[in-house]
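Heads up, entry19.txt below (compact mmCIF, C-alpha atoms and all ligand atoms):
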# COMPACT_ATOMS: atom_id res chain seq x y z
CA MET A 211 15.64 -17.36 -65.95
CA THR A 212 17.95 -16.19 -63.19
CA GLN A 213 19.54 -18.85 -61.08
CA ILE A 214 21.17 -18.39 -57.69
CA SER A 215 24.34 -20.40 -57.92
CA GLU A 216 25.36 -20.26 -54.25
CA ALA A 217 23.94 -19.25 -50.89
CA PRO A 218 24.84 -15.76 -49.67
CA ALA A 219 27.82 -15.71 -47.32
CA ARG A 220 26.71 -15.74 -43.66
CA THR A 221 29.18 -13.12 -42.57
CA ARG A 222 28.89 -9.50 -41.74
CA ALA A 223 29.44 -6.83 -44.34
CA GLN A 224 33.15 -6.33 -44.95
CA ILE A 225 33.45 -2.59 -44.32
CA SER A 226 36.63 -1.27 -42.77
CA ASP A 227 35.00 1.82 -41.26
CA ARG A 228 33.20 1.37 -37.98
CA THR A 229 30.19 3.02 -39.53
CA LEU A 230 29.26 5.04 -42.58
CA ARG A 231 26.78 7.10 -40.62
CA LYS A 232 27.43 10.83 -40.54
CA ASP A 233 24.83 11.82 -37.94
CA ARG A 234 25.39 12.02 -34.18
CA TRP A 235 24.49 8.39 -33.53
CA TRP A 236 26.65 8.38 -30.38
CA GLN A 237 24.52 10.96 -28.59
CA ALA A 238 21.80 8.58 -27.40
CA PRO A 239 24.22 6.03 -25.83
CA VAL A 240 26.13 8.84 -24.09
CA VAL A 241 22.93 10.29 -22.64
CA VAL A 242 21.74 6.85 -21.47
CA VAL A 243 25.09 6.05 -19.80
CA THR A 244 25.13 9.42 -18.06
CA LEU A 245 21.55 9.31 -16.78
CA LEU A 246 21.61 5.66 -15.69
CA THR A 247 24.95 6.15 -13.91
CA ILE A 248 23.63 9.17 -12.01
CA TRP A 249 20.45 7.31 -11.05
CA LEU A 250 22.19 4.10 -10.00
CA THR A 251 24.74 6.01 -7.92
CA TYR A 252 22.01 7.98 -6.17
CA ALA A 253 19.83 4.90 -5.55
CA THR A 254 22.76 2.82 -4.27
CA VAL A 255 23.80 5.49 -1.79
CA ARG A 256 20.23 5.95 -0.60
CA VAL A 257 19.30 2.32 -0.04
CA PHE A 258 22.41 1.84 2.11
CA THR A 259 22.07 5.13 4.03
CA GLY A 260 19.73 3.66 6.67
CA HIS A 261 18.16 6.94 7.75
CA TRP A 262 15.99 9.84 6.53
CA TYR A 263 13.64 7.40 4.88
CA TYR A 264 10.52 8.14 6.89
CA VAL A 265 8.67 11.26 8.08
CA PRO A 266 6.76 10.09 11.18
CA GLN A 267 4.64 13.23 11.45
CA TYR A 268 3.14 12.86 7.96
CA HIS A 269 3.61 9.10 7.40
CA TYR A 270 5.83 9.53 4.35
CA LEU A 271 7.85 6.41 3.53
CA THR A 272 10.26 6.57 0.61
CA PRO A 273 9.70 3.87 -2.05
CA PHE A 274 13.37 2.86 -1.67
CA TYR A 275 12.57 1.50 1.82
CA SER A 276 9.16 -0.02 1.13
CA PRO A 277 8.07 -2.35 2.58
CA CYS A 278 10.08 -1.67 5.73
CA VAL A 279 9.64 -5.05 7.39
CA ASN A 280 12.97 -5.83 9.04
CA GLY A 281 13.88 -5.35 12.67
CA GLU A 282 16.00 -2.25 11.96
CA CYS A 283 13.02 -0.27 10.61
CA LEU A 284 11.35 2.39 12.69
CA PRO A 285 8.21 0.82 14.20
CA GLU A 286 6.04 3.64 12.76
CA ALA A 287 7.45 3.00 9.26
CA SER A 288 6.56 -0.69 9.47
CA THR A 289 2.81 -0.55 8.94
CA LEU A 290 2.95 -4.16 7.73
CA GLY A 291 4.92 -5.31 10.76
CA ARG A 292 8.59 -6.23 11.21
CA TRP A 293 8.62 -9.89 10.31
CA ILE A 294 12.31 -10.18 9.36
CA PRO A 295 15.15 -9.96 11.90
CA ALA A 296 17.37 -6.88 11.86
CA VAL A 297 19.67 -6.96 8.84
CA PRO A 298 23.32 -5.81 8.82
CA PRO A 299 23.92 -2.41 7.15
CA VAL A 300 25.34 -4.06 4.02
CA ILE A 301 21.81 -5.26 3.19
CA PRO A 302 19.21 -2.67 2.14
CA TYR A 303 16.22 -2.44 4.50
CA ALA A 304 13.77 -3.18 1.68
CA PHE A 305 15.77 -6.01 0.13
CA VAL A 306 12.61 -8.17 -0.02
CA SER A 307 11.17 -5.88 -2.69
CA LEU A 308 14.30 -4.30 -4.18
CA VAL A 309 15.55 -7.58 -5.59
CA PHE A 310 12.35 -7.99 -7.62
CA VAL A 311 12.07 -4.33 -8.62
CA LEU A 312 15.67 -4.44 -9.81
CA GLY A 313 15.06 -7.70 -11.67
CA PHE A 314 11.96 -6.24 -13.29
CA ARG A 315 13.76 -3.12 -14.50
CA LEU A 316 16.92 -4.95 -15.56
CA SER A 317 14.95 -7.45 -17.63
CA CYS A 318 12.56 -4.83 -19.06
CA TYR A 319 12.57 -4.94 -22.86
CA TYR A 320 13.19 -1.22 -23.12
CA TYR A 321 16.01 -1.07 -20.54
CA ARG A 322 17.64 -4.07 -22.17
CA ARG A 323 17.78 -2.19 -25.43
CA ALA A 324 19.08 0.90 -23.64
CA TYR A 325 21.89 -0.71 -21.66
CA TYR A 326 22.89 -3.27 -24.28
CA ARG A 327 23.44 -0.37 -26.66
CA SER A 328 24.98 2.14 -24.31
CA PHE A 329 27.01 0.13 -21.77
CA TRP A 330 27.70 -3.05 -23.72
CA GLN A 331 27.74 -1.40 -27.17
CA SER A 332 26.01 -4.37 -28.71
CA PRO A 333 25.64 -2.52 -31.03
CA PRO A 334 25.84 1.12 -29.92
CA SER A 335 23.44 2.14 -32.68
CA CYS A 336 21.92 0.86 -35.91
CA ALA A 337 24.51 0.32 -38.66
CA VAL A 338 27.43 0.86 -36.26
CA ARG A 339 29.82 -2.03 -35.77
CA GLU A 340 29.98 -3.47 -32.29
CA PRO A 341 33.32 -4.27 -30.65
CA HIS A 342 32.38 -7.90 -29.87
CA ALA A 343 33.43 -10.69 -32.18
CA ARG A 344 30.68 -13.13 -31.17
CA TYR A 345 26.98 -12.81 -30.55
CA THR A 346 25.07 -15.39 -28.54
CA GLY A 347 22.02 -13.30 -27.75
CA GLU A 348 19.96 -14.29 -24.74
CA THR A 349 20.14 -18.02 -25.34
CA ARG A 350 22.60 -18.92 -22.61
CA PHE A 351 23.59 -17.96 -19.08
CA PRO A 352 23.59 -15.26 -17.81
CA LEU A 353 21.38 -13.44 -20.30
CA ILE A 354 18.91 -16.30 -20.57
CA VAL A 355 17.72 -15.13 -17.14
CA GLN A 356 16.14 -12.17 -18.94
CA ASN A 357 13.34 -14.55 -19.85
CA LEU A 358 12.13 -14.38 -16.25
CA HIS A 359 10.74 -10.94 -16.97
CA ARG A 360 7.13 -12.09 -16.92
CA TYR A 361 7.55 -13.54 -13.40
CA PHE A 362 9.14 -10.34 -12.14
CA PHE A 363 6.09 -8.59 -13.55
CA TYR A 364 3.74 -10.65 -11.36
CA VAL A 365 5.73 -9.83 -8.21
CA VAL A 366 6.01 -6.15 -9.09
CA LEU A 367 2.22 -5.99 -9.39
CA ALA A 368 2.09 -6.89 -5.69
CA ILE A 369 4.83 -4.35 -4.90
CA SER A 370 2.82 -1.69 -6.73
CA LEU A 371 -0.03 -2.44 -4.31
CA LEU A 372 2.39 -1.82 -1.43
CA ASN A 373 3.43 1.50 -2.99
CA THR A 374 -0.26 2.38 -3.27
CA TRP A 375 -0.72 1.57 0.42
CA ASP A 376 2.24 3.84 1.26
CA ALA A 377 0.72 6.67 -0.78
CA ALA A 378 -2.61 6.19 1.03
CA GLN A 379 -0.80 6.42 4.39
CA ALA A 380 0.66 9.75 3.28
CA PHE A 381 -2.86 11.20 3.30
CA ARG A 382 -2.97 11.24 7.08
CA GLY A 383 -2.16 14.31 9.10
CA PRO A 384 -0.16 14.50 12.35
CA ASP A 385 -3.29 13.55 14.34
CA GLY A 386 -3.84 10.43 12.22
CA ASN A 387 -6.94 11.79 10.48
CA PHE A 388 -7.22 12.78 6.85
CA GLY A 389 -4.72 15.40 5.79
CA PHE A 390 -2.22 16.02 3.06
CA GLY A 391 0.68 18.18 2.03
CA LEU A 392 2.99 18.56 -0.92
CA GLY A 393 4.71 15.26 -0.03
CA SER A 394 1.38 13.38 -0.22
CA LEU A 395 0.80 14.71 -3.74
CA ILE A 396 4.34 13.80 -4.83
CA MET A 397 3.88 10.26 -3.51
CA LEU A 398 0.49 9.99 -5.22
CA ALA A 399 1.88 11.17 -8.57
CA ASN A 400 4.78 8.75 -8.22
CA VAL A 401 2.55 5.75 -7.56
CA ILE A 402 0.20 6.58 -10.45
CA LEU A 403 3.17 6.76 -12.81
CA LEU A 404 4.60 3.53 -11.39
CA TRP A 405 1.31 1.81 -12.17
CA CYS A 406 1.38 3.24 -15.69
CA TYR A 407 4.93 1.93 -16.21
CA THR A 408 4.11 -1.49 -14.77
CA LEU A 409 0.91 -1.91 -16.78
CA SER A 410 2.61 -0.71 -19.96
CA CYS A 411 4.96 -3.73 -19.75
CA HIS A 412 5.17 -5.87 -22.89
CA SER A 413 4.47 -8.96 -20.78
CA CYS A 414 1.31 -7.33 -19.45
CA ARG A 415 0.19 -6.64 -23.02
CA HIS A 416 0.73 -10.27 -23.91
CA ILE A 417 -0.99 -11.52 -20.77
CA THR A 418 -4.06 -9.39 -21.42
CA GLY A 419 -4.46 -9.90 -25.17
CA GLY A 420 -2.02 -12.55 -26.31
CA ARG A 421 -2.93 -15.98 -27.69
CA LEU A 422 -6.48 -14.93 -28.55
CA LYS A 423 -7.79 -15.97 -31.94
CA HIS A 424 -10.92 -13.82 -31.85
CA PHE A 425 -10.99 -10.54 -29.98
CA SER A 426 -14.72 -10.36 -30.73
CA LYS A 427 -15.29 -13.32 -28.41
CA HIS A 428 -13.36 -11.69 -25.55
CA PRO A 429 -14.62 -8.09 -25.37
CA VAL A 430 -13.36 -7.46 -21.82
CA ARG A 431 -9.85 -8.70 -22.57
CA TYR A 432 -9.91 -6.76 -25.83
CA TRP A 433 -10.87 -3.57 -23.98
CA ILE A 434 -8.09 -4.10 -21.41
CA TRP A 435 -5.61 -4.92 -24.18
CA THR A 436 -6.39 -1.67 -26.03
CA LYS A 437 -5.73 0.34 -22.83
CA VAL A 438 -2.52 -1.57 -22.09
CA SER A 439 -1.45 -1.13 -25.72
CA TRP A 440 -1.96 2.62 -25.43
CA LEU A 441 0.33 2.67 -22.40
CA ASN A 442 2.74 0.23 -24.05
CA ALA A 443 3.33 2.68 -26.90
CA ARG A 444 4.67 5.07 -24.23
CA HIS A 445 6.73 2.48 -22.35
CA MET A 446 10.10 4.11 -22.99
CA GLN A 447 8.89 7.49 -21.77
CA LEU A 448 7.33 5.91 -18.69
CA ALA A 449 10.56 4.01 -17.98
CA TRP A 450 12.47 7.30 -17.78
CA ILE A 451 9.74 9.34 -16.10
CA THR A 452 9.38 6.81 -13.28
CA LEU A 453 13.13 6.78 -12.67
CA GLY A 454 12.81 10.54 -12.26
CA THR A 455 9.75 10.41 -9.99
CA LEU A 456 11.27 7.69 -7.82
CA MET A 457 14.37 9.81 -7.31
CA LEU A 458 12.35 12.99 -6.74
CA THR A 459 10.03 11.29 -4.23
CA ASP A 460 12.94 9.85 -2.29
CA LEU A 461 14.86 13.13 -2.37
CA TYR A 462 11.85 15.08 -1.11
CA ILE A 463 11.22 12.65 1.76
CA MET A 464 14.91 12.65 2.65
CA LEU A 465 14.97 16.46 2.81
CA VAL A 466 11.81 16.62 4.95
CA ALA A 467 12.93 13.75 7.22
CA SER A 468 16.35 15.35 7.77
CA GLY A 469 14.80 18.72 8.59
CA ALA A 470 16.42 20.46 5.61
CA ILE A 471 12.99 21.61 4.37
CA SER A 472 9.49 21.54 5.81
CA ASP A 473 6.51 20.01 4.07
CA PRO A 474 3.94 22.63 2.99
CA ARG A 475 0.61 21.35 4.36
CA ILE A 476 -2.52 21.87 2.32
CA PHE A 477 -4.99 20.29 4.73
CA ASN A 478 -4.29 19.11 8.29
FE1 LIG A 501 9.52 -3.00 -19.70
FE2 LIG A 501 8.09 -5.22 -19.03
S1 LIG A 501 8.90 -4.64 -20.94
S2 LIG A 501 8.66 -3.51 -17.80

Mind turning the file's structure into structure tokens?
Ligand code: FES
Amino acid sequence: MTQISEAPARTRAQISDRTLRKDRWWQAPVVVVTLLTIWLTYATVRVFTGHWYYVPQYHYLTPFYSPCVNGECLPEASTLGRWIPAVPPVIPYAFVSLVFVLGFRLSCYYYRRAYYRSFWQSPPSCAVREPHARYTGETRFPLIVQNLHRYFFYVVLAISLLNTWDAAQAFRGPDGNFGFGLGSLIMLANVILLWCYTLSCHSCRHITGGRLKHFSKHPVRYWIWTKVSWLNARHMQLAWITLGTLMLTDLYIMLVASGAISDPRIFN
């Protein structure tokens, strides 16, 4: 009979090489750093620009400025009213929503994996040694804040309703009646994809189907859970696609608002 004489050492494997992998494991972190840096730079510049965020003629409001509720916003862009005093330029117009949207994305399970690996190199890839000597996980400040993700999810559900309202406004022509152009369709596609990303959240999957002992006794929740699970399997793709559609929607509205291009109208 084999006997284990002593417990295995609780240390990492003693290998002098950083990794024994021969494939291009570094490609994914490099791509993530590049894309996230481009997106963050673009978004930061845009939220502090303070103009070209609204097309009055066609009621297009960029998601980066929604809801536009502070005293600096154009009155036409503030369909929900301006119930916050004018903010100095160092504060984004839509800070009331941006802080939650940012918190939601930063604490997203997928983005955490992406930026822990690429920016923090913790670790940069499977079976590649990380540069940090200690690992405390998300058990203490500041990373323990990541556990607020579920609460960000609840707030972002409400913000998604605001984005839906903005997209509905974009289906009004210059006379205020029904009408749409290319910008309306871009805003509609963006909001549909934002809903898909939000509902594909791991917290949403747990809220809809978690802690149930018998799915057979909860057919409605089971049905919702299967749909959310289908989206959840595509969460990473949706995370990237929505970064792209947010940027594209904002860029399009900026170009139309600045007069650089005109919006092709399809009806009215
Ligand atoms: Fe990504 Fe919730 S896990 S948004």

Env. residues ligand LIG 501 (chain A) / 10 Å / all atoms listed in the file / as a PyMOL selection string: chain A and resi 311+313-322+359-360+362-363+366+407-415+442+445-446+448-449

Polymer residues at most 12 Å from A:Asp460, only C-alpha atoms, same-chain spacing of 5 or more positions, as a VMD selection string: chain A and resid 249 252 to 253 255 to 257 261 to 265 270 to 276 393 396 to 397 400 452 to 455 465 to 468

Just need the box for stretch 244-261 of chain A, edges along x, y and z, holding every atom the file lists for it with 5 Å tacked onto each side, so centre and edge lengths in Å to one decimal, as JSON.
{"center_x": 21.6, "center_y": 5.6, "center_z": -5.2, "size_x": 17.0, "size_y": 17.6, "size_z": 35.8}

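The interatomic distance for the pair atom CA of A:Ile354 and atom CA of A:Val243 works out to 23.2 Å.
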
Surrounding residues of stretch 235-239 of chain A excluding itself and chain neighbours under 5 positions, 9 Å, only C-alpha atoms, as an NGL selection string: :A and (244 or 324-325 or 327-329 or 331 or 334-336 or 338)

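Residues surrounding A:Gln267 within 12 Å are Leu271, Glu286, Ala287, Gln379, Ala380, Phe381, Arg382, Gly383, Pro384, Asp385, Gly386, Asn387, Gly389, Phe390, Gly391, Gly393, Ile463, Val466, Ala467, Gly469, Ser472, Asp473, Arg475 and Asn478 of chain A [only C-alpha atoms; sequence separation below 4 positions excluded].
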
Nearest to A:Leu308 by atom-to-atom distance, counting only C-alpha atoms, from A:Val401, A:Ile417, A:Leu422, A:Ile369: A:Ile369

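With all atoms listed in the file as the atoms that count, the minimum distance from A:Ile476 to the choices A:Phe388, A:Trp450, A:Trp435, A:Phe425 is reached by A:Phe388.
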
Atomic separation - atom CA of A:Ala377 relative to atom CA of A:Trp433, Å: 27.9 Å

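With only C-alpha atoms as the atoms that count, the residue of A:Ala378, A:Val241, A:Val355, A:Ile451 with the shortest distance to A:Leu404 is A:Ile451.
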
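Distance-wise, atom CA of A:Asp227 and atom CA of A:Pro333 end up 14.5 Å apart.
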
Which of A:Arg344, A:Arg339, A:Arg323, A:Cys278 sits closest to A:Ser226 [using only C-alpha atoms]: A:Arg339

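Nearest to A:Leu441 of all the residues A:Pro429, A:Val240, A:Cys406, A:His269 is A:Cys406, based on all atoms listed in the file.
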
Shell around A:Pro277 at 8 Å using only C-alpha atoms, local window under 3 positions removed, as a ChimeraX atom specification: /A:273,288,290,304,306-307,372

Residue neighbourhood A:Val300, 10 Å, only C-alpha atoms, exclusion window fewer than 6 positions, as a PDB file with C-alpha atoms, keeping the file's coordinate frame:
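Writing done, so here's result-v5.pdb:
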ATOM      1  CA  VAL A 257      19.300   2.320  -0.040  1.00  0.00           C
ATOM      2  CA  PHE A 258      22.410   1.840   2.110  1.00  0.00           C
ATOM      3  CA  THR A 259      22.070   5.130   4.030  1.00  0.00           C
ATOM      4  CA  GLY A 260      19.730   3.660   6.670  1.00  0.00           C
TER       5      GLY A 260
END
